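Structure file structure-v6.cif with mmCIF, C-alpha atoms:
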```
data_model
loop_
_atom_site.group_PDB
_atom_site.id
_atom_site.type_symbol
_atom_site.label_atom_id
_atom_site.label_comp_id
_atom_site.auth_asym_id
_atom_site.auth_seq_id
_atom_site.Cartn_x
_atom_site.Cartn_y
_atom_site.Cartn_z
ATOM 1 C CA MET A 22 -52.170 -41.185 0.599
ATOM 2 C CA ARG A 23 -51.478 -37.991 2.550
ATOM 3 C CA ILE A 24 -47.787 -38.054 1.678
ATOM 4 C CA ILE A 25 -48.579 -38.487 -2.027
ATOM 5 C CA LEU A 26 -51.105 -35.635 -1.942
ATOM 6 C CA LYS A 27 -48.652 -33.350 -0.147
ATOM 7 C CA ALA A 28 -45.914 -34.218 -2.651
ATOM 8 C CA LEU A 29 -48.202 -33.536 -5.630
ATOM 9 C CA ILE A 30 -49.287 -30.224 -4.141
ATOM 10 C CA PHE A 31 -45.705 -29.177 -3.352
ATOM 11 C CA VAL A 32 -44.498 -30.017 -6.871
ATOM 12 C CA GLY A 33 -47.472 -28.203 -8.402
ATOM 13 C CA GLY A 34 -47.023 -25.258 -6.061
ATOM 14 C CA LEU A 35 -43.359 -24.912 -6.956
ATOM 15 C CA PHE A 36 -44.185 -25.166 -10.672
ATOM 16 C CA PHE A 37 -46.833 -22.443 -10.396
ATOM 17 C CA LEU A 38 -44.507 -20.278 -8.284
ATOM 18 C CA VAL A 39 -41.817 -20.489 -10.969
ATOM 19 C CA THR A 40 -44.440 -19.743 -13.627
ATOM 20 C CA GLY A 41 -45.651 -16.685 -11.731
ATOM 21 C CA MET A 42 -42.156 -15.392 -11.128
ATOM 22 C CA GLY A 43 -41.430 -15.900 -14.833
ATOM 23 C CA PHE A 44 -44.262 -13.494 -15.652
ATOM 24 C CA LEU A 45 -42.849 -10.989 -13.176
ATOM 25 C CA ALA A 46 -39.309 -11.187 -14.529
ATOM 26 C CA ASP A 47 -39.979 -11.717 -18.243
ATOM 27 C CA PRO A 48 -43.609 -11.252 -19.284
ATOM 28 C CA VAL A 49 -42.778 -11.326 -23.004
ATOM 29 C CA ASN A 50 -41.356 -14.854 -23.076
ATOM 30 C CA SER A 51 -43.713 -16.177 -20.407
ATOM 31 C CA GLY A 52 -46.671 -14.685 -22.224
ATOM 32 C CA GLU A 53 -45.695 -16.300 -25.509
ATOM 33 C CA THR A 54 -45.757 -19.682 -23.763
ATOM 34 C CA PHE A 55 -49.410 -18.973 -22.957
ATOM 35 C CA GLY A 56 -50.239 -17.474 -26.352
ATOM 36 C CA LEU A 57 -50.235 -13.915 -24.993
ATOM 37 C CA ARG A 58 -48.617 -10.867 -26.582
ATOM 38 C CA ALA A 59 -48.612 -7.365 -25.202
ATOM 39 C CA ILE A 60 -48.934 -4.522 -27.680
ATOM 40 C CA ASP A 61 -47.577 -1.829 -25.339
ATOM 41 C CA ALA A 62 -46.356 -1.086 -21.811
ATOM 42 C CA ASP A 63 -49.907 -1.328 -20.425
ATOM 43 C CA GLY A 64 -50.193 -4.850 -21.779
ATOM 44 C CA LEU A 65 -46.850 -5.823 -20.286
ATOM 45 C CA ALA A 66 -47.893 -4.363 -16.939
ATOM 46 C CA THR A 67 -51.156 -6.287 -17.055
ATOM 47 C CA MET A 68 -49.377 -9.549 -17.852
ATOM 48 C CA ARG A 69 -46.752 -8.866 -15.202
ATOM 49 C CA ALA A 70 -49.336 -7.999 -12.540
ATOM 50 C CA ASP A 71 -52.293 -10.269 -13.231
ATOM 51 C CA MET A 72 -50.549 -13.454 -14.314
ATOM 52 C CA THR A 73 -47.994 -13.130 -11.521
ATOM 53 C CA ALA A 74 -50.769 -12.593 -8.983
ATOM 54 C CA PHE A 75 -52.777 -15.587 -10.223
ATOM 55 C CA PHE A 76 -49.905 -18.056 -10.185
ATOM 56 C CA VAL A 77 -48.038 -16.793 -7.114
ATOM 57 C CA ILE A 78 -51.133 -16.630 -4.899
ATOM 58 C CA ALA A 79 -52.209 -20.079 -6.073
ATOM 59 C CA ALA A 80 -48.709 -21.424 -5.400
ATOM 60 C CA ILE A 81 -48.394 -19.873 -1.945
ATOM 61 C CA CYS A 82 -51.808 -21.206 -0.921
ATOM 62 C CA MET A 83 -50.873 -24.657 -2.210
ATOM 63 C CA LEU A 84 -47.537 -24.708 -0.403
ATOM 64 C CA VAL A 85 -48.878 -23.308 2.874
ATOM 65 C CA GLY A 86 -52.021 -25.450 2.743
ATOM 66 C CA ALA A 87 -50.057 -28.647 2.183
ATOM 67 C CA TRP A 88 -47.422 -27.759 4.770
ATOM 68 C CA ARG A 89 -49.980 -26.903 7.453
ATOM 69 C CA ARG A 90 -52.440 -29.561 6.264
ATOM 70 C CA ASN A 91 -55.057 -26.819 6.063
ATOM 71 C CA GLY A 92 -57.864 -27.795 3.705
ATOM 72 C CA ASP A 93 -59.483 -24.360 3.743
ATOM 73 C CA ILE A 94 -56.405 -22.680 2.251
ATOM 74 C CA LEU A 95 -56.314 -25.304 -0.514
ATOM 75 C CA LEU A 96 -59.781 -24.223 -1.643
ATOM 76 C CA VAL A 97 -58.380 -20.869 -2.819
ATOM 77 C CA PRO A 98 -56.206 -22.299 -5.629
ATOM 78 C CA ALA A 99 -58.892 -24.907 -6.368
ATOM 79 C CA GLY A 100 -61.281 -22.013 -6.994
ATOM 80 C CA LEU A 101 -58.761 -20.107 -9.106
ATOM 81 C CA PHE A 102 -58.003 -23.071 -11.349
ATOM 82 C CA GLY A 103 -61.661 -24.111 -11.426
ATOM 83 C CA VAL A 104 -62.683 -20.704 -12.761
ATOM 84 C CA ALA A 105 -59.812 -20.849 -15.272
ATOM 85 C CA LEU A 106 -61.075 -24.247 -16.449
ATOM 86 C CA ILE A 107 -64.605 -22.889 -16.869
ATOM 87 C CA GLY A 108 -63.151 -20.007 -18.877
ATOM 88 C CA ARG A 109 -61.437 -22.477 -21.185
ATOM 89 C CA PHE A 110 -64.722 -24.337 -21.786
ATOM 90 C CA VAL A 111 -66.422 -21.034 -22.589
ATOM 91 C CA SER A 112 -63.569 -20.203 -24.957
ATOM 92 C CA ILE A 113 -63.945 -23.550 -26.737
ATOM 93 C CA ALA A 114 -67.643 -22.841 -27.249
ATOM 94 C CA ALA A 115 -67.062 -19.244 -28.338
ATOM 95 C CA ASP A 116 -63.798 -19.459 -30.279
ATOM 96 C CA GLY A 117 -63.137 -23.102 -31.104
ATOM 97 C CA THR A 118 -59.909 -24.947 -30.452
ATOM 98 C CA GLU A 119 -56.261 -24.763 -31.425
ATOM 99 C CA PRO A 120 -53.676 -27.546 -31.463
ATOM 100 C CA GLY A 121 -52.698 -28.360 -27.894
ATOM 101 C CA PHE A 122 -55.751 -26.635 -26.360
ATOM 102 C CA TRP A 123 -56.377 -29.573 -24.072
ATOM 103 C CA MET A 124 -53.058 -29.593 -22.170
ATOM 104 C CA PRO A 125 -53.737 -26.553 -19.942
ATOM 105 C CA MET A 126 -57.239 -27.918 -19.339
ATOM 106 C CA VAL A 127 -55.819 -31.223 -18.129
ATOM 107 C CA VAL A 128 -53.384 -29.422 -15.810
ATOM 108 C CA GLU A 129 -56.186 -27.256 -14.395
ATOM 109 C CA ALA A 130 -58.604 -30.166 -13.988
ATOM 110 C CA VAL A 131 -56.018 -32.376 -12.268
ATOM 111 C CA THR A 132 -54.994 -29.487 -10.023
ATOM 112 C CA VAL A 133 -58.609 -28.854 -8.995
ATOM 113 C CA ILE A 134 -59.253 -32.544 -8.304
ATOM 114 C CA VAL A 135 -56.057 -32.999 -6.266
ATOM 115 C CA LEU A 136 -56.726 -29.842 -4.253
ATOM 116 C CA LEU A 137 -60.365 -30.732 -3.530
ATOM 117 C CA VAL A 138 -59.427 -34.245 -2.425
ATOM 118 C CA ALA A 139 -56.548 -32.886 -0.335
ATOM 119 C CA SER A 140 -58.804 -30.285 1.285
ATOM 120 C CA ARG A 141 -60.743 -33.201 2.790
ATOM 121 C CA VAL A 142 -57.947 -35.709 3.394
ATOM 122 C CA LEU A 143 -55.036 -33.615 4.668
ATOM 123 C CA PRO A 144 -56.472 -31.719 7.647
ATOM 124 C CA HIS A 145 -55.709 -33.070 11.089
ATOM 125 C CA PRO A 146 -58.793 -34.573 12.713
ATOM 126 C CA THR A 147 -60.266 -32.380 15.437
ATOM 127 C CA THR A 148 -61.261 -33.977 18.674
#
```

Can you give me the file's structure in the form of structure tokens?
Amino acid sequence: MRIILKALIFVGGLFFLVTGMGFLADPVNSGETFGLRAIDADGLATMRADMTAFFVIAAICMLVGAWRRNGDILLVPAGLFGVALIGRFVSIAADGTEPGFWMPMVVEAVTVIVLLVASRVLPHPTT
């Protein structure tokens, strides 16, 4: 169970790290994948800074937390993706849905569940 959890977290962490670095290197194309478009340099800077920060910090916490089997560190990305999931539910209520709206929600929900379970299962027992 622990090996499977660590593997899932490492794969997810690497995926989110690549996603974050994509926003840093090419916010236009990465933003379009997420339905975002910047109208000027301020928008590009915001996408480059905020989206990179979200995904890179989540990824680093996932990778370090899984590697060190530290459940507390895994709560950081669980919180980030949990808040993102809540934001998507609010958006559904406020704005409705688009085709494919559910896929990011599934990714966020699965990520939160895996990280919360891992935060309890992975840590070394203290004696």

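Our summary of the geometry notes that atom CA of A:Thr73 is positioned 28.8 Å from atom CA of A:Val142.
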
Can you build me a table of stretch 65-137 of chain A residues sitting at most 10 Å from stretch 48-57 of chain A, with the closest atom pair per residue and its distance in Å to one decimal, using all atoms listed in the file, sorted by chain and residue number, as CSV?
```
residue,atom,partner,partner_atom,distance
A:Leu65,CA,A:Pro48,CA,6.4
A:Ala66,CA,A:Pro48,CA,8.4
A:Thr67,CA,A:Pro48,CA,9.3
A:Met68,CA,A:Pro48,CA,6.2
A:Arg69,CA,A:Pro48,CA,5.7
A:Ala70,CA,A:Pro48,CA,9.4
A:Met72,CA,A:Pro48,CA,8.8
A:Thr73,CA,A:Pro48,CA,9.1
A:Pro125,CA,A:Phe55,CA,9.2
```

Write the residues you've just listed into a file as an mmCIF file, keeping the file's coordinate frame, and include C-alpha atoms for each of them.
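Once everything was written out, this is again_9.cif:
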```cif
data_model
loop_
_atom_site.group_PDB
_atom_site.id
_atom_site.type_symbol
_atom_site.label_atom_id
_atom_site.label_comp_id
_atom_site.auth_asym_id
_atom_site.auth_seq_id
_atom_site.Cartn_x
_atom_site.Cartn_y
_atom_site.Cartn_z
ATOM 1 C CA LEU A 65 -46.850 -5.823 -20.286
ATOM 2 C CA ALA A 66 -47.893 -4.363 -16.939
ATOM 3 C CA THR A 67 -51.156 -6.287 -17.055
ATOM 4 C CA MET A 68 -49.377 -9.549 -17.852
ATOM 5 C CA ARG A 69 -46.752 -8.866 -15.202
ATOM 6 C CA ALA A 70 -49.336 -7.999 -12.540
ATOM 7 C CA MET A 72 -50.549 -13.454 -14.314
ATOM 8 C CA THR A 73 -47.994 -13.130 -11.521
ATOM 9 C CA PRO A 125 -53.737 -26.553 -19.942
#
```

Using all atoms listed in the file, the shortest atom-to-atom distance to A:Arg109 among A:Ala79, A:Val32, A:Val135, A:Ala130 belongs to A:Ala130

Counting all atoms listed in the file, which of A:Leu137, A:Ala87, A:Glu129, A:Gly121 gets nearest to A:Arg23?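 Among A:Leu137, A:Ala87, A:Glu129, A:Gly121, it is A:Ala87 that comes nearest to A:Arg23.
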
Atom-to-atom span, atom CA of A:Ile30 and atom CA of A:Phe44, Å: 20.9 Å

Using the chain letters and residue numbers of this document, give as a ChimeraX atom specification the residues selected by the PyMOL selection byres ((chain A and resi 80) around 7). /A:34-35,37-38,76-79,81-84

Six-sided padding of 5 Å per side, axis-aligned box over stretch 113-123 of chain A, centre and edges in Å, one decimal, as lines of an AutoDock Vina configuration file:
```
center_x = -60.2
center_y = -24.4
center_z = -27.8
size_x = 24.9
size_y = 20.3
size_z = 17.4
```

Residue nearest A:His145 among A:Gly33, A:Gly64, A:Gly92, A:Gly43 (counting all atoms listed in the file): A:Gly92

Coordinates-based distance that separates atom CA of A:Thr132 from atom CA of A:Ala99 (Å, one decimal):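 So the answer is 7.0 Å.
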
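Closest approach to A:Leu101 among A:Phe36, A:Phe75, A:Trp88, A:Trp123 is made by A:Phe75 (distances from only C-alpha atoms).
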
Under the rule that all atoms listed in the file are counted, which of A:Thr118, A:Asn91, A:Thr40, A:Ser112 is the nearest residue to A:Pro144? A:Asn91

Need the neighbours of (-60.6, -28.4, -1.7): which residues are at most 10 Å away, counting all atoms listed in the file, as a list in words? Asn91, Gly92, Asp93, Ile94, Leu95, Leu96, Val97, Pro98, Ala99, Gly100, Val133, Ile134, Val135, Leu136, Leu137, Val138, Ala139, Ser140, Arg141, Val142 and Leu143 of chain A

Store the residues of this selection in a file with C-alpha atoms, as a CSV table (one decimal), in the coordinates of the input.
```csv
chain,number,residue,atom,x,y,z
A,91,ASN,CA,-55.1,-26.8,6.1
A,92,GLY,CA,-57.9,-27.8,3.7
A,93,ASP,CA,-59.5,-24.4,3.7
A,94,ILE,CA,-56.4,-22.7,2.3
A,95,LEU,CA,-56.3,-25.3,-0.5
A,96,LEU,CA,-59.8,-24.2,-1.6
A,97,VAL,CA,-58.4,-20.9,-2.8
A,98,PRO,CA,-56.2,-22.3,-5.6
A,99,ALA,CA,-58.9,-24.9,-6.4
A,100,GLY,CA,-61.3,-22.0,-7.0
A,133,VAL,CA,-58.6,-28.9,-9.0
A,134,ILE,CA,-59.3,-32.5,-8.3
A,135,VAL,CA,-56.1,-33.0,-6.3
A,136,LEU,CA,-56.7,-29.8,-4.3
A,137,LEU,CA,-60.4,-30.7,-3.5
A,138,VAL,CA,-59.4,-34.2,-2.4
A,139,ALA,CA,-56.5,-32.9,-0.3
A,140,SER,CA,-58.8,-30.3,1.3
A,141,ARG,CA,-60.7,-33.2,2.8
A,142,VAL,CA,-57.9,-35.7,3.4
A,143,LEU,CA,-55.0,-33.6,4.7
```

Quick one: stretch 54-79 of chain A with N, CA and C atoms, as a PDB file, keeping the file's coordinate frame?
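For reference, result-v5.pdb as written:
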```
ATOM      1  N   THR A  54     -45.487 -18.295 -24.133  1.00  0.00           N
ATOM      2  CA  THR A  54     -45.757 -19.682 -23.763  1.00  0.00           C
ATOM      3  C   THR A  54     -47.254 -19.919 -23.602  1.00  0.00           C
ATOM      4  N   PHE A  55     -47.966 -18.889 -23.180  1.00  0.00           N
ATOM      5  CA  PHE A  55     -49.410 -18.973 -22.957  1.00  0.00           C
ATOM      6  C   PHE A  55     -50.216 -18.399 -24.124  1.00  0.00           C
ATOM      7  N   GLY A  56     -49.549 -18.046 -25.206  1.00  0.00           N
ATOM      8  CA  GLY A  56     -50.239 -17.474 -26.352  1.00  0.00           C
ATOM      9  C   GLY A  56     -50.633 -16.028 -26.157  1.00  0.00           C
ATOM     10  N   LEU A  57     -49.933 -15.319 -25.276  1.00  0.00           N
ATOM     11  CA  LEU A  57     -50.235 -13.915 -24.993  1.00  0.00           C
ATOM     12  C   LEU A  57     -49.144 -13.020 -25.551  1.00  0.00           C
ATOM     13  N   ARG A  58     -49.563 -11.876 -26.114  1.00  0.00           N
ATOM     14  CA  ARG A  58     -48.617 -10.867 -26.582  1.00  0.00           C
ATOM     15  C   ARG A  58     -49.126  -9.498 -26.171  1.00  0.00           C
ATOM     16  N   ALA A  59     -48.256  -8.729 -25.592  1.00  0.00           N
ATOM     17  CA  ALA A  59     -48.612  -7.365 -25.202  1.00  0.00           C
ATOM     18  C   ALA A  59     -48.287  -6.427 -26.350  1.00  0.00           C
ATOM     19  N   ILE A  60     -49.183  -5.468 -26.589  1.00  0.00           N
ATOM     20  CA  ILE A  60     -48.934  -4.522 -27.680  1.00  0.00           C
ATOM     21  C   ILE A  60     -48.270  -3.239 -27.202  1.00  0.00           C
ATOM     22  N   ASP A  61     -48.225  -3.033 -25.870  1.00  0.00           N
ATOM     23  CA  ASP A  61     -47.577  -1.829 -25.339  1.00  0.00           C
ATOM     24  C   ASP A  61     -47.241  -2.048 -23.862  1.00  0.00           C
ATOM     25  N   ALA A  62     -46.762  -0.997 -23.214  1.00  0.00           N
ATOM     26  CA  ALA A  62     -46.356  -1.086 -21.811  1.00  0.00           C
ATOM     27  C   ALA A  62     -47.534  -1.430 -20.897  1.00  0.00           C
ATOM     28  N   ASP A  63     -48.738  -0.973 -21.236  1.00  0.00           N
ATOM     29  CA  ASP A  63     -49.907  -1.328 -20.425  1.00  0.00           C
ATOM     30  C   ASP A  63     -50.164  -2.827 -20.474  1.00  0.00           C
ATOM     31  N   GLY A  64     -50.013  -3.409 -21.641  1.00  0.00           N
ATOM     32  CA  GLY A  64     -50.193  -4.850 -21.779  1.00  0.00           C
ATOM     33  C   GLY A  64     -49.147  -5.628 -20.995  1.00  0.00           C
ATOM     34  N   LEU A  65     -47.905  -5.172 -21.065  1.00  0.00           N
ATOM     35  CA  LEU A  65     -46.850  -5.823 -20.286  1.00  0.00           C
ATOM     36  C   LEU A  65     -47.129  -5.717 -18.793  1.00  0.00           C
ATOM     37  N   ALA A  66     -47.577  -4.545 -18.361  1.00  0.00           N
ATOM     38  CA  ALA A  66     -47.893  -4.363 -16.939  1.00  0.00           C
ATOM     39  C   ALA A  66     -49.043  -5.268 -16.514  1.00  0.00           C
ATOM     40  N   THR A  67     -50.031  -5.407 -17.375  1.00  0.00           N
ATOM     41  CA  THR A  67     -51.156  -6.287 -17.055  1.00  0.00           C
ATOM     42  C   THR A  67     -50.705  -7.736 -16.956  1.00  0.00           C
ATOM     43  N   MET A  68     -49.896  -8.178 -17.915  1.00  0.00           N
ATOM     44  CA  MET A  68     -49.377  -9.549 -17.852  1.00  0.00           C
ATOM     45  C   MET A  68     -48.526  -9.740 -16.614  1.00  0.00           C
ATOM     46  N   ARG A  69     -47.656  -8.771 -16.347  1.00  0.00           N
ATOM     47  CA  ARG A  69     -46.752  -8.866 -15.202  1.00  0.00           C
ATOM     48  C   ARG A  69     -47.555  -8.904 -13.895  1.00  0.00           C
ATOM     49  N   ALA A  70     -48.570  -8.084 -13.783  1.00  0.00           N
ATOM     50  CA  ALA A  70     -49.336  -7.999 -12.540  1.00  0.00           C
ATOM     51  C   ALA A  70     -50.337  -9.150 -12.390  1.00  0.00           C
ATOM     52  N   ASP A  71     -51.191  -9.325 -13.373  1.00  0.00           N
ATOM     53  CA  ASP A  71     -52.293 -10.269 -13.231  1.00  0.00           C
ATOM     54  C   ASP A  71     -51.853 -11.726 -13.277  1.00  0.00           C
ATOM     55  N   MET A  72     -51.000 -12.058 -14.213  1.00  0.00           N
ATOM     56  CA  MET A  72     -50.549 -13.454 -14.314  1.00  0.00           C
ATOM     57  C   MET A  72     -49.656 -13.819 -13.126  1.00  0.00           C
ATOM     58  N   THR A  73     -48.809 -12.876 -12.706  1.00  0.00           N
ATOM     59  CA  THR A  73     -47.994 -13.130 -11.521  1.00  0.00           C
ATOM     60  C   THR A  73     -48.880 -13.336 -10.308  1.00  0.00           C
ATOM     61  N   ALA A  74     -49.870 -12.475 -10.129  1.00  0.00           N
ATOM     62  CA  ALA A  74     -50.769 -12.593  -8.983  1.00  0.00           C
ATOM     63  C   ALA A  74     -51.493 -13.937  -8.990  1.00  0.00           C
ATOM     64  N   PHE A  75     -52.043 -14.330 -10.132  1.00  0.00           N
ATOM     65  CA  PHE A  75     -52.777 -15.587 -10.223  1.00  0.00           C
ATOM     66  C   PHE A  75     -51.899 -16.760  -9.800  1.00  0.00           C
ATOM     67  N   PHE A  76     -50.736 -16.886 -10.434  1.00  0.00           N
ATOM     68  CA  PHE A  76     -49.905 -18.056 -10.185  1.00  0.00           C
ATOM     69  C   PHE A  76     -49.210 -18.017  -8.829  1.00  0.00           C
ATOM     70  N   VAL A  77     -48.745 -16.861  -8.397  1.00  0.00           N
ATOM     71  CA  VAL A  77     -48.038 -16.793  -7.114  1.00  0.00           C
ATOM     72  C   VAL A  77     -48.996 -17.019  -5.949  1.00  0.00           C
ATOM     73  N   ILE A  78     -50.175 -16.412  -5.985  1.00  0.00           N
ATOM     74  CA  ILE A  78     -51.133 -16.630  -4.899  1.00  0.00           C
ATOM     75  C   ILE A  78     -51.578 -18.090  -4.863  1.00  0.00           C
ATOM     76  N   ALA A  79     -51.848 -18.660  -6.033  1.00  0.00           N
ATOM     77  CA  ALA A  79     -52.209 -20.079  -6.073  1.00  0.00           C
ATOM     78  C   ALA A  79     -51.088 -20.932  -5.483  1.00  0.00           C
TER      79      ALA A  79
END
```
